file query-v4.tsv (TSV, C-alpha atoms and all ligand atoms)
chain	number	residue	atom	x	y	z
A	53	MET	CA	-54.71	0.33	26.00
A	54	MET	CA	-53.90	-0.45	22.37
A	55	LEU	CA	-50.66	1.41	22.74
A	56	GLY	CA	-49.73	-0.64	25.85
A	57	ARG	CA	-50.45	-3.90	24.05
A	58	SER	CA	-48.43	-3.07	21.00
A	59	SER	CA	-45.49	-2.09	23.16
A	60	ILE	CA	-45.67	-5.54	24.82
A	61	TRP	CA	-45.51	-7.13	21.36
A	62	GLN	CA	-42.64	-4.87	20.50
A	63	LYS	CA	-40.82	-5.96	23.64
A	64	LEU	CA	-41.50	-9.64	22.86
A	65	ALA	CA	-40.23	-9.15	19.32
A	66	ALA	CA	-37.14	-7.45	20.68
A	67	ILE	CA	-36.54	-10.36	23.09
A	68	LEU	CA	-36.93	-12.84	20.21
A	69	VAL	CA	-34.47	-10.92	18.07
A	70	VAL	CA	-31.98	-10.76	20.95
A	71	SER	CA	-32.32	-14.48	21.77
A	72	ALA	CA	-31.88	-15.43	18.10
A	73	PHE	CA	-28.72	-13.33	18.10
A	74	VAL	CA	-27.51	-15.07	21.28
A	75	ALA	CA	-28.22	-18.50	19.72
A	76	VAL	CA	-26.16	-17.60	16.66
A	77	GLN	CA	-23.37	-16.36	18.90
A	78	ALA	CA	-23.36	-19.51	21.08
A	79	GLU	CA	-20.01	-21.25	21.12
A	80	ASP	CA	-19.60	-24.66	19.53
A	81	PRO	CA	-19.47	-27.51	22.07
A	82	TYR	CA	-16.22	-28.54	23.75
A	83	ARG	CA	-14.94	-32.05	24.42
A	84	PHE	CA	-12.07	-32.51	26.86
A	85	TYR	CA	-9.63	-35.44	26.95
A	86	ASN	CA	-6.65	-36.40	29.08
A	87	TRP	CA	-4.33	-38.82	27.39
A	88	ASN	CA	-1.43	-40.58	29.06
A	89	VAL	CA	1.17	-41.91	26.62
A	90	THR	CA	3.25	-44.80	27.96
A	91	TYR	CA	5.19	-47.85	26.78
A	92	GLY	CA	3.42	-51.16	27.26
A	93	ASP	CA	3.47	-54.72	26.00
A	94	ILE	CA	1.37	-55.57	22.95
A	95	SER	CA	1.38	-58.62	20.65
A	96	PRO	CA	-0.02	-57.57	17.27
A	97	LEU	CA	1.89	-60.41	15.52
A	98	GLY	CA	1.49	-62.87	18.37
A	99	VAL	CA	4.97	-61.97	19.66
A	100	ARG	CA	5.14	-59.79	22.73
A	101	GLN	CA	6.89	-56.48	22.06
A	102	GLN	CA	7.06	-52.99	23.46
A	103	GLY	CA	4.39	-50.72	22.04
A	104	ILE	CA	3.16	-47.17	22.61
A	105	LEU	CA	-0.15	-47.00	24.45
A	106	ILE	CA	-2.60	-44.17	25.10
A	107	ASN	CA	-4.43	-44.51	28.41
A	108	GLY	CA	-3.18	-48.12	28.49
A	109	GLN	CA	-4.78	-48.91	25.12
A	110	PHE	CA	-3.59	-49.94	21.71
A	111	PRO	CA	-5.07	-48.75	19.39
A	112	GLY	CA	-5.58	-45.46	21.21
A	113	PRO	CA	-9.06	-44.26	22.20
A	114	ASP	CA	-11.48	-43.38	19.40
A	115	LEU	CA	-12.03	-39.62	19.20
A	116	TYR	CA	-15.76	-39.14	18.68
A	117	SER	CA	-16.96	-35.71	17.69
A	118	VAL	CA	-19.67	-33.84	15.84
A	119	THR	CA	-18.97	-31.24	13.15
A	120	ASN	CA	-17.72	-27.96	14.66
A	121	ASP	CA	-16.86	-29.45	18.07
A	122	ASN	CA	-13.81	-28.10	19.82
A	123	LEU	CA	-11.49	-30.91	20.94
A	124	ILE	CA	-9.18	-30.12	23.84
A	125	ILE	CA	-6.71	-32.97	24.23
A	126	ASN	CA	-4.17	-32.77	27.03
A	127	VAL	CA	-1.42	-35.28	26.17
A	128	PHE	CA	1.06	-36.39	28.84
A	129	ASN	CA	4.24	-37.84	27.38
A	130	ASN	CA	5.45	-40.55	29.75
A	131	LEU	CA	7.88	-42.02	27.21
A	132	ASP	CA	11.60	-41.37	27.58
A	133	GLU	CA	11.74	-39.67	24.16
A	134	PRO	CA	9.93	-36.70	22.55
A	135	PHE	CA	6.44	-37.44	21.25
A	136	LEU	CA	4.19	-35.60	18.79
A	137	LEU	CA	0.67	-36.40	17.58
A	138	SER	CA	-0.69	-35.45	14.17
A	139	TRP	CA	-4.41	-35.34	13.35
A	140	ASN	CA	-4.68	-36.79	9.88
A	141	GLY	CA	-7.55	-35.28	7.87
A	142	VAL	CA	-8.52	-32.62	10.39
A	143	GLN	CA	-8.44	-29.42	8.39
A	144	GLN	CA	-6.99	-27.22	11.17
A	145	ARG	CA	-8.39	-24.00	9.73
A	146	LYS	CA	-6.31	-21.04	10.92
A	147	ASN	CA	-4.76	-23.57	13.28
A	148	SER	CA	-1.99	-25.32	11.33
A	149	TYR	CA	0.39	-24.98	14.28
A	150	GLN	CA	-1.73	-27.60	16.10
A	151	ASP	CA	-1.29	-30.23	13.40
A	152	GLY	CA	1.57	-32.04	15.09
A	153	VAL	CA	4.02	-32.15	12.23
A	154	TYR	CA	7.60	-31.52	13.27
A	155	GLY	CA	8.38	-27.97	12.13
A	156	THR	CA	4.95	-26.48	12.84
A	157	THR	CA	4.43	-28.01	16.29
A	158	CYS	CA	7.11	-28.70	18.90
A	159	PRO	CA	7.37	-32.26	20.16
A	160	ILE	CA	6.25	-32.89	23.75
A	161	PRO	CA	9.42	-33.49	25.79
A	162	PRO	CA	9.57	-36.63	27.95
A	163	GLY	CA	7.71	-36.15	31.23
A	164	LYS	CA	5.82	-33.07	29.94
A	165	ASN	CA	2.32	-32.45	28.59
A	166	PHE	CA	0.86	-30.35	25.83
A	167	THR	CA	-2.78	-29.49	25.13
A	168	TYR	CA	-3.87	-29.71	21.51
A	169	THR	CA	-6.79	-27.39	20.70
A	170	LEU	CA	-8.58	-28.44	17.52
A	171	GLN	CA	-11.88	-27.52	15.96
A	172	VAL	CA	-13.36	-30.01	13.48
A	173	LYS	CA	-14.92	-27.16	11.56
A	174	ASP	CA	-17.37	-27.81	8.70
A	175	GLN	CA	-16.24	-31.37	8.04
A	176	ILE	CA	-17.52	-34.93	8.56
A	177	GLY	CA	-15.92	-38.32	8.12
A	178	SER	CA	-13.46	-40.92	9.44
A	179	PHE	CA	-9.89	-39.89	10.07
A	180	TYR	CA	-7.05	-40.94	12.38
A	181	TYR	CA	-4.34	-39.57	14.59
A	182	PHE	CA	-0.81	-40.93	14.70
A	183	PRO	CA	2.58	-40.14	16.24
A	184	SER	CA	4.64	-38.28	13.64
A	185	LEU	CA	8.17	-38.59	15.05
A	186	ALA	CA	10.76	-41.31	14.48
A	187	PHE	CA	9.26	-44.79	14.01
A	188	HIS	CA	6.64	-44.28	16.72
A	189	LYS	CA	3.80	-45.19	14.39
A	190	ALA	CA	5.42	-48.63	13.98
A	191	ALA	CA	4.91	-49.08	17.73
A	192	GLY	CA	1.34	-47.79	18.09
A	193	GLY	CA	0.14	-44.52	19.54
A	194	TYR	CA	-2.55	-44.12	16.89
A	195	GLY	CA	-6.32	-44.35	16.77
A	196	GLY	CA	-9.49	-43.31	14.96
A	197	ILE	CA	-11.20	-39.93	14.69
A	198	ARG	CA	-14.93	-39.78	13.89
A	199	ILE	CA	-16.63	-36.56	12.94
A	200	LEU	CA	-20.39	-37.10	12.79
A	201	SER	CA	-22.79	-34.84	10.96
A	202	ARG	CA	-24.76	-32.40	13.09
A	203	PRO	CA	-28.33	-33.65	13.75
A	204	LYS	CA	-29.57	-30.45	12.07
A	205	ILE	CA	-27.95	-31.57	8.81
A	206	PRO	CA	-29.00	-35.20	8.29
A	207	VAL	CA	-26.90	-37.45	6.07
A	208	PRO	CA	-28.76	-38.74	2.98
A	209	PHE	CA	-28.83	-42.42	4.06
A	210	PRO	CA	-30.29	-44.43	6.96
A	211	ASP	CA	-28.26	-44.81	10.15
A	212	PRO	CA	-25.74	-47.65	9.69
A	213	ALA	CA	-26.47	-50.91	11.56
A	214	GLY	CA	-22.91	-50.86	12.89
A	215	ASP	CA	-19.93	-48.56	12.86
A	216	PHE	CA	-16.37	-49.89	13.28
A	217	THR	CA	-12.94	-48.33	13.18
A	218	VAL	CA	-10.45	-50.27	11.03
A	219	LEU	CA	-6.81	-49.22	11.36
A	220	ILE	CA	-4.10	-50.74	9.19
A	221	GLY	CA	-0.38	-50.56	9.94
A	222	ASP	CA	2.93	-52.28	9.15
A	223	TRP	CA	4.34	-54.36	11.96
A	224	PHE	CA	7.78	-55.62	12.89
A	225	THR	CA	8.56	-57.72	15.90
A	226	THR	CA	11.45	-55.47	16.91
A	227	ASP	CA	11.45	-52.43	19.16
A	228	HIS	CA	10.72	-49.26	17.16
A	229	ARG	CA	14.01	-47.74	18.34
A	230	VAL	CA	16.19	-50.37	16.68
A	231	TYR	CA	16.13	-48.46	13.37
A	232	THR	CA	16.20	-44.88	14.63
B	1	LIG	C1	0.50	-42.14	33.28
B	1	LIG	O1	0.69	-43.53	33.48
B	1	LIG	C2	1.87	-43.82	34.24
B	1	LIG	C3	2.04	-45.33	34.25
B	1	LIG	O2	0.86	-45.98	34.64
B	1	LIG	C4	1.71	-43.23	35.64
B	1	LIG	O3	2.88	-43.47	36.39
B	1	LIG	C5	1.49	-41.73	35.51
B	1	LIG	O4	1.23	-41.17	36.78
B	1	LIG	C6	0.31	-41.43	34.60
B	1	LIG	N1	0.24	-40.00	34.39
B	1	LIG	C7	-0.92	-39.35	34.31
B	1	LIG	C8	-0.83	-37.89	34.07
B	1	LIG	O5	-2.00	-39.91	34.44
B	2	LIG	C1	-0.51	-29.79	31.60
B	2	LIG	O1	-1.50	-30.41	32.40
B	2	LIG	C2	-1.98	-29.56	33.44
B	2	LIG	C3	-2.88	-30.41	34.34
B	2	LIG	O2	-3.95	-30.93	33.62
B	2	LIG	C4	-2.68	-28.36	32.85
B	2	LIG	O3	-3.14	-27.50	33.86
B	2	LIG	C5	-1.70	-27.61	31.96
B	2	LIG	O4	-2.37	-26.56	31.29
B	2	LIG	C6	-1.10	-28.56	30.93
B	2	LIG	N1	-0.04	-27.86	30.21
B	2	LIG	C7	-0.02	-27.76	28.88
B	2	LIG	C8	1.13	-27.02	28.29
B	2	LIG	O5	-0.89	-28.24	28.17
call {"tool": "encode", "arguments": {"input": "query-v4.tsv", "output": "structure tokens"}}
result
Amino acid sequence: MMLGRSSIWQKLAAILVVSAFVAVQAEDPYRFYNWNVTYGDISPLGVRQQGILINGQFPGPDLYSVTNDNLIINVFNNLDEPFLLSWNGVQQRKNSYQDGVYGTTCPIPPGKNFTYTLQVKDQIGSFYYFPSLAFHKAAGGYGGIRILSRPKIPVPFPDPAGDFTVLIGDWFTTDHRVYT
């Protein structure tokens, strides 16, 4: 009888060890996005001009994430020129070819899509993405990136009462292609 009982405890212990191992092995969460890049009218200086929109928005959608999330962003280039996004501040560990700088990442040809695969590994903070070719950034196509701390690792201050993305850029009332 004693032998039977101890073997049950042994089995339970074995199950606990195995499930702890499985928990450690669990993959970090994934977040999936589809972004459609188009031209559209915006009036940042009160004068209507052609801008670059993402899913019809300027600024582009905020990318919310938590430390270690995998971000899978499928970007459709519906401009009539190549387009490339860079992820400013994302460390891109072992992943520099996803950083969207011309030379390490190919531009997305007009009418095509490309899926960026990023992991915001071991970092927190506020960052931004922007188009890195030509004068695209002068026409929009950028937005905020938030990487929140994991709940397991609390930040040493109370939750903020509000949280806003502030993006600053230079503006001209001419089409971004005038100078390229
Ligand atoms: C992107 O938006 C354009 C213009 O609204 C539309 O014609 C196109 O089908 C959209 N593409 C995708 C992949 O959603
Ligand atoms: C383009 O988008 C399609 C449809 O979502 C997807 O299946 C495909 O993998 C994407 N191609 C690239 C190169 O990201």
call {"tool": "closest_atom_pairs", "arguments": {"input": "query-v4.tsv", "of": "range 88-161 of chain A", "to": "range 166-172 of chain A", "cutoff": "7 Å", "atoms": "all atoms listed in the file", "output": "JSON lines"}}
result
{"residue": "A:Thr119", "atom": "CA", "partner": "A:Val172", "partner_atom": "CA", "distance": 5.8}
{"residue": "A:Asn120", "atom": "CA", "partner": "A:Val172", "partner_atom": "CA", "distance": 5.0}
{"residue": "A:Asp121", "atom": "CA", "partner": "A:Gln171", "partner_atom": "CA", "distance": 5.7}
{"residue": "A:Asn122", "atom": "CA", "partner": "A:Gln171", "partner_atom": "CA", "distance": 4.4}
{"residue": "A:Leu123", "atom": "CA", "partner": "A:Leu170", "partner_atom": "CA", "distance": 5.1}
{"residue": "A:Ile124", "atom": "CA", "partner": "A:Thr169", "partner_atom": "CA", "distance": 4.8}
{"residue": "A:Ile125", "atom": "CA", "partner": "A:Tyr168", "partner_atom": "CA", "distance": 5.1}
{"residue": "A:Asn126", "atom": "CA", "partner": "A:Thr167", "partner_atom": "CA", "distance": 4.0}
{"residue": "A:Val127", "atom": "CA", "partner": "A:Phe166", "partner_atom": "CA", "distance": 5.4}
{"residue": "A:Phe128", "atom": "CA", "partner": "A:Phe166", "partner_atom": "CA", "distance": 6.8}
{"residue": "A:Val142", "atom": "CA", "partner": "A:Val172", "partner_atom": "CA", "distance": 6.3}
{"residue": "A:Gln144", "atom": "CA", "partner": "A:Leu170", "partner_atom": "CA", "distance": 6.7}
{"residue": "A:Gln150", "atom": "CA", "partner": "A:Tyr168", "partner_atom": "CA", "distance": 6.2}
{"residue": "A:Ile160", "atom": "CA", "partner": "A:Phe166", "partner_atom": "CA", "distance": 6.3}
call {"tool": "closest_atom_pairs", "arguments": {"input": "query-v4.tsv", "of": "chain A", "to": "ligand LIG 1 (chain B)", "cutoff": "10 Å", "atoms": "only C-alpha atoms and all ligand atoms", "output": "Markdown table"}}
result
| residue | atom | partner | partner_atom | distance |
| --- | --- | --- | --- | --- |
| A:Asn86 | CA | B:LIG1 | C8 | 7.8 |
| A:Trp87 | CA | B:LIG1 | O5 | 7.5 |
| A:Asn88 | CA | B:LIG1 | C1 | 4.9 |
| A:Val89 | CA | B:LIG1 | C1 | 6.7 |
| A:Thr90 | CA | B:LIG1 | O1 | 6.2 |
| A:Tyr91 | CA | B:LIG1 | C3 | 8.5 |
| A:Gly92 | CA | B:LIG1 | C3 | 9.2 |
| A:Leu105 | CA | B:LIG1 | O1 | 9.7 |
| A:Ile106 | CA | B:LIG1 | C1 | 9.0 |
| A:Asn107 | CA | B:LIG1 | O1 | 7.3 |
| A:Gly108 | CA | B:LIG1 | O2 | 7.7 |
| A:Asn126 | CA | B:LIG1 | C8 | 9.3 |
| A:Val127 | CA | B:LIG1 | C8 | 8.3 |
| A:Phe128 | CA | B:LIG1 | C8 | 5.8 |
| A:Asn129 | CA | B:LIG1 | C1 | 8.2 |
| A:Asn130 | CA | B:LIG1 | C1 | 6.3 |
| A:Leu131 | CA | B:LIG1 | C2 | 9.4 |
| A:Gly163 | CA | B:LIG1 | N1 | 9.0 |
| A:Lys164 | CA | B:LIG1 | C8 | 9.2 |
| A:Asn165 | CA | B:LIG1 | C8 | 8.3 |
call {"tool": "residues_around", "arguments": {"input": "query-v4.tsv", "residues": "range 220-222 of chain A", "least_positions_apart": "2", "cutoff": "9 Å", "atoms": "only C-alpha atoms", "output": "ChimeraX atom specification"}}
result
/A:189-190,192,218,224
call {"tool": "closest_residue", "arguments": {"input": "query-v4.tsv", "among": "A:Pro81, A:Ala191, A:Gly196, A:Pro161", "to": "Leu97 in chain A", "atoms": "all atoms listed in the file"}}
result
A:Ala191
call {"tool": "atom_distance", "arguments": {"input": "query-v4.tsv", "atom1": "CA of Leu200 in chain A", "atom2": "CA of Pro212 in chain A"}}
result
12.2 Å
call {"tool": "decode", "arguments": {"input": "query-v4.tsv", "residues": "range 133-162 of chain A", "atoms": "N, CA and C atoms", "output": "PDB file, in the first residue's frame"}}
result
ATOM      1  N   GLU A 133       4.676  53.074 -56.355  1.00  0.00           N
ATOM      2  CA  GLU A 133       6.143  53.131 -56.199  1.00  0.00           C
ATOM      3  C   GLU A 133       6.520  52.146 -55.093  1.00  0.00           C
ATOM      4  N   PRO A 134       7.804  51.708 -55.064  1.00  0.00           N
ATOM      5  CA  PRO A 134       8.216  50.771 -54.006  1.00  0.00           C
ATOM      6  C   PRO A 134       8.061  51.398 -52.620  1.00  0.00           C
ATOM      7  N   PHE A 135       7.816  50.552 -51.629  1.00  0.00           N
ATOM      8  CA  PHE A 135       7.549  51.035 -50.270  1.00  0.00           C
ATOM      9  C   PHE A 135       8.257  50.106 -49.295  1.00  0.00           C
ATOM     10  N   LEU A 136       8.791  50.685 -48.208  1.00  0.00           N
ATOM     11  CA  LEU A 136       9.555  49.890 -47.244  1.00  0.00           C
ATOM     12  C   LEU A 136       9.335  50.495 -45.868  1.00  0.00           C
ATOM     13  N   LEU A 137       8.997  49.658 -44.882  1.00  0.00           N
ATOM     14  CA  LEU A 137       8.785  50.163 -43.519  1.00  0.00           C
ATOM     15  C   LEU A 137       9.958  49.783 -42.632  1.00  0.00           C
ATOM     16  N   SER A 138      10.383  50.716 -41.789  1.00  0.00           N
ATOM     17  CA  SER A 138      11.414  50.440 -40.800  1.00  0.00           C
ATOM     18  C   SER A 138      10.798  50.586 -39.413  1.00  0.00           C
ATOM     19  N   TRP A 139      11.311  49.818 -38.470  1.00  0.00           N
ATOM     20  CA  TRP A 139      10.713  49.694 -37.132  1.00  0.00           C
ATOM     21  C   TRP A 139      11.682  50.301 -36.132  1.00  0.00           C
ATOM     22  N   ASN A 140      11.587  51.617 -35.981  1.00  0.00           N
ATOM     23  CA  ASN A 140      12.597  52.356 -35.228  1.00  0.00           C
ATOM     24  C   ASN A 140      12.593  51.979 -33.738  1.00  0.00           C
ATOM     25  N   GLY A 141      13.736  51.482 -33.258  1.00  0.00           N
ATOM     26  CA  GLY A 141      13.846  51.148 -31.837  1.00  0.00           C
ATOM     27  C   GLY A 141      13.636  49.678 -31.543  1.00  0.00           C
ATOM     28  N   VAL A 142      13.011  48.946 -32.477  1.00  0.00           N
ATOM     29  CA  VAL A 142      12.852  47.510 -32.262  1.00  0.00           C
ATOM     30  C   VAL A 142      14.217  46.859 -32.502  1.00  0.00           C
ATOM     31  N   GLN A 143      14.657  46.066 -31.541  1.00  0.00           N
ATOM     32  CA  GLN A 143      16.058  45.624 -31.572  1.00  0.00           C
ATOM     33  C   GLN A 143      16.364  44.591 -32.654  1.00  0.00           C
ATOM     34  N   GLN A 144      15.338  43.875 -33.121  1.00  0.00           N
ATOM     35  CA  GLN A 144      15.536  42.928 -34.240  1.00  0.00           C
ATOM     36  C   GLN A 144      16.692  41.970 -33.970  1.00  0.00           C
ATOM     37  N   ARG A 145      16.659  41.312 -32.814  1.00  0.00           N
ATOM     38  CA  ARG A 145      17.750  40.390 -32.503  1.00  0.00           C
ATOM     39  C   ARG A 145      17.751  39.213 -33.462  1.00  0.00           C
ATOM     40  N   LYS A 146      18.882  38.943 -34.038  1.00  0.00           N
ATOM     41  CA  LYS A 146      19.091  37.882 -35.032  1.00  0.00           C
ATOM     42  C   LYS A 146      18.106  38.029 -36.198  1.00  0.00           C
ATOM     43  N   ASN A 147      17.677  39.245 -36.456  1.00  0.00           N
ATOM     44  CA  ASN A 147      16.563  39.469 -37.366  1.00  0.00           C
ATOM     45  C   ASN A 147      16.753  40.763 -38.152  1.00  0.00           C
ATOM     46  N   SER A 148      18.013  41.210 -38.307  1.00  0.00           N
ATOM     47  CA  SER A 148      18.234  42.556 -38.850  1.00  0.00           C
ATOM     48  C   SER A 148      17.666  42.708 -40.261  1.00  0.00           C
ATOM     49  N   TYR A 149      17.516  41.580 -40.955  1.00  0.00           N
ATOM     50  CA  TYR A 149      16.995  41.643 -42.328  1.00  0.00           C
ATOM     51  C   TYR A 149      15.511  42.001 -42.366  1.00  0.00           C
ATOM     52  N   GLN A 150      14.873  42.133 -41.187  1.00  0.00           N
ATOM     53  CA  GLN A 150      13.463  42.557 -41.148  1.00  0.00           C
ATOM     54  C   GLN A 150      13.343  44.046 -40.845  1.00  0.00           C
ATOM     55  N   ASP A 151      14.477  44.735 -40.699  1.00  0.00           N
ATOM     56  CA  ASP A 151      14.415  46.098 -40.174  1.00  0.00           C
ATOM     57  C   ASP A 151      13.953  47.142 -41.181  1.00  0.00           C
ATOM     58  N   GLY A 152      13.841  46.777 -42.433  1.00  0.00           N
ATOM     59  CA  GLY A 152      13.256  47.701 -43.393  1.00  0.00           C
ATOM     60  C   GLY A 152      14.121  48.887 -43.746  1.00  0.00           C
ATOM     61  N   VAL A 153      15.440  48.648 -43.755  1.00  0.00           N
ATOM     62  CA  VAL A 153      16.341  49.678 -44.257  1.00  0.00           C
ATOM     63  C   VAL A 153      16.841  49.173 -45.602  1.00  0.00           C
ATOM     64  N   TYR A 154      16.804  50.047 -46.602  1.00  0.00           N
ATOM     65  CA  TYR A 154      17.186  49.652 -47.948  1.00  0.00           C
ATOM     66  C   TYR A 154      18.616  49.120 -47.926  1.00  0.00           C
ATOM     67  N   GLY A 155      18.828  47.911 -48.374  1.00  0.00           N
ATOM     68  CA  GLY A 155      20.147  47.281 -48.293  1.00  0.00           C
ATOM     69  C   GLY A 155      20.057  46.011 -47.472  1.00  0.00           C
ATOM     70  N   THR A 156      19.265  46.029 -46.390  1.00  0.00           N
ATOM     71  CA  THR A 156      19.067  44.780 -45.646  1.00  0.00           C
ATOM     72  C   THR A 156      17.712  44.167 -45.962  1.00  0.00           C
ATOM     73  N   THR A 157      16.745  44.986 -46.358  1.00  0.00           N
ATOM     74  CA  THR A 157      15.408  44.480 -46.680  1.00  0.00           C
ATOM     75  C   THR A 157      15.009  45.041 -48.046  1.00  0.00           C
ATOM     76  N   CYS A 158      14.475  44.203 -48.909  1.00  0.00           N
ATOM     77  CA  CYS A 158      14.035  44.675 -50.220  1.00  0.00           C
ATOM     78  C   CYS A 158      12.763  45.488 -50.069  1.00  0.00           C
ATOM     79  N   PRO A 159      12.619  46.545 -50.843  1.00  0.00           N
ATOM     80  CA  PRO A 159      11.353  47.284 -50.856  1.00  0.00           C
ATOM     81  C   PRO A 159      10.218  46.384 -51.359  1.00  0.00           C
ATOM     82  N   ILE A 160       8.998  46.713 -50.970  1.00  0.00           N
ATOM     83  CA  ILE A 160       7.825  45.985 -51.466  1.00  0.00           C
ATOM     84  C   ILE A 160       7.436  46.631 -52.802  1.00  0.00           C
ATOM     85  N   PRO A 161       7.471  45.861 -53.898  1.00  0.00           N
ATOM     86  CA  PRO A 161       7.114  46.476 -55.188  1.00  0.00           C
ATOM     87  C   PRO A 161       5.650  46.917 -55.202  1.00  0.00           C
ATOM     88  N   PRO A 162       5.300  47.869 -56.054  1.00  0.00           N
ATOM     89  CA  PRO A 162       3.906  48.306 -56.155  1.00  0.00           C
ATOM     90  C   PRO A 162       2.990  47.114 -56.450  1.00  0.00           C
TER      91      PRO A 162
END
